[in-house]
Amino acid sequence: MDTSTEQAARVAALFREHNRALIAFLQCRLNSFSDAQEIAQEAYVRMLTLERPDEVVSQRAYLFRIASNLALDRLRMRKVRNDMPIELPADELHLPPIPERHVSTGEQWRELRKALRELPAKTSQAFVMHVIEGRDFHIVAQVMKLSERMVRYHVTNALAHCRARVDEMEIP
């Protein structure tokens with residue numbers, strides 16, 4: 001068995017044995033189940049792509065260290081976002097919209113609504129709640145009585161469908 005296959009097997013074992021604990025650890029730090037899942041996934045990916053995995057003494061400890069560092073980065077990003085709100089220049093706030101931009105936006109909105117009507121109801125609803133209304137995946141899952149994984153699946157499908165429609169519009 002080559003080194004990458006061995007490392008993949010070790011990471012799979014780590015996942016089976018410690019994923020619940022890792023997610024709980026991250027959820028306590030981040031106060032978000034979906035962020036905890038994302039950070040855990042990134043930590044496993046980093047474990048899989050280690051250049052010298054044989055030099056790691058404790059795979060579990062290293063996994064938690066990677067996850068802890070990623071969580072700290074996420075918290076720092078949140079703080080930066082919250083501390084530095086986007087400010088629009090005051091002189092541009094009262095200008096009327098550029099007619100071409102207004103027309104283009106209206107057309108895009110109509111096309112988006114049309115694309116969403118082509119989708120199954122649950123897919124469209126998950127997309128609207130997450131992307132347009134800005135709700136977290138776990139909130140959407142609770143409202144729709146679905147698992148977070150299914151909500152992510154529906155949102156991903158809706159995004160792909162909408163992207164395909166936009167691409168069709170851009171082709172002359």
# chains A, B, ... in the order shown; residues from 1 in each chain; ligands from 1
>>> select_by_dssp(residues="range 11-170 of chain A", states="helix (DSSP H, G or I)", output="VMD selection string")
chain A and resid 11 to 30 33 to 48 53 to 55 59 to 83 90 to 92 99 to 117 121 to 132 137 to 144 148 to 170
>>> residues_around(residues="range 134-137 of chain A", least_positions_apart="6", cutoff="8 Å", atoms="only C-alpha atoms", output="ChimeraX atom specification")
/A:34,148,151-152
>>> write_last_selection(atoms="N, CA and C atoms", output="PDB file, in the first residue's frame")
ATOM      1  N   SER A  34     -23.146  24.523  11.197  1.00  0.00           N
ATOM      2  CA  SER A  34     -22.724  24.456   9.793  1.00  0.00           C
ATOM      3  C   SER A  34     -21.265  24.887   9.631  1.00  0.00           C
ATOM      4  N   GLU A 148     -29.653  18.902   7.111  1.00  0.00           N
ATOM      5  CA  GLU A 148     -28.814  19.955   6.533  1.00  0.00           C
ATOM      6  C   GLU A 148     -28.197  19.483   5.221  1.00  0.00           C
ATOM      7  N   VAL A 151     -30.631  19.982   2.484  1.00  0.00           N
ATOM      8  CA  VAL A 151     -30.755  21.405   2.154  1.00  0.00           C
ATOM      9  C   VAL A 151     -29.577  21.825   1.278  1.00  0.00           C
ATOM     10  N   ARG A 152     -28.373  21.410   1.664  1.00  0.00           N
ATOM     11  CA  ARG A 152     -27.178  21.732   0.865  1.00  0.00           C
ATOM     12  C   ARG A 152     -27.323  21.147  -0.553  1.00  0.00           C
TER      13      ARG A 152
END
>>> closest_residue(among="A:Leu63, A:Val45, A:Leu50, A:Leu146", to="Leu22 in chain A", atoms="only C-alpha atoms")
A:Leu63
>>> closest_residue(among="A:Asn19, A:Thr3, A:Asn157, A:Gln142", to="Glu51 in chain A", atoms="only C-alpha atoms")
A:Thr3
>>> residues_around(residues="Ala21 in chain A", least_positions_apart="5", cutoff="12 Å", atoms="only C-alpha atoms", output="list in words")
Leu14, Phe15, Arg16, Leu26, Gln27, Cys28, Ala36, Gln37, Ala40, Arg60, Leu63, Phe64 and Ala67 of chain A
>>> atom_distance(atom1="CA of His130 in chain A", atom2="CA of Leu159 in chain A")
11.0 Å
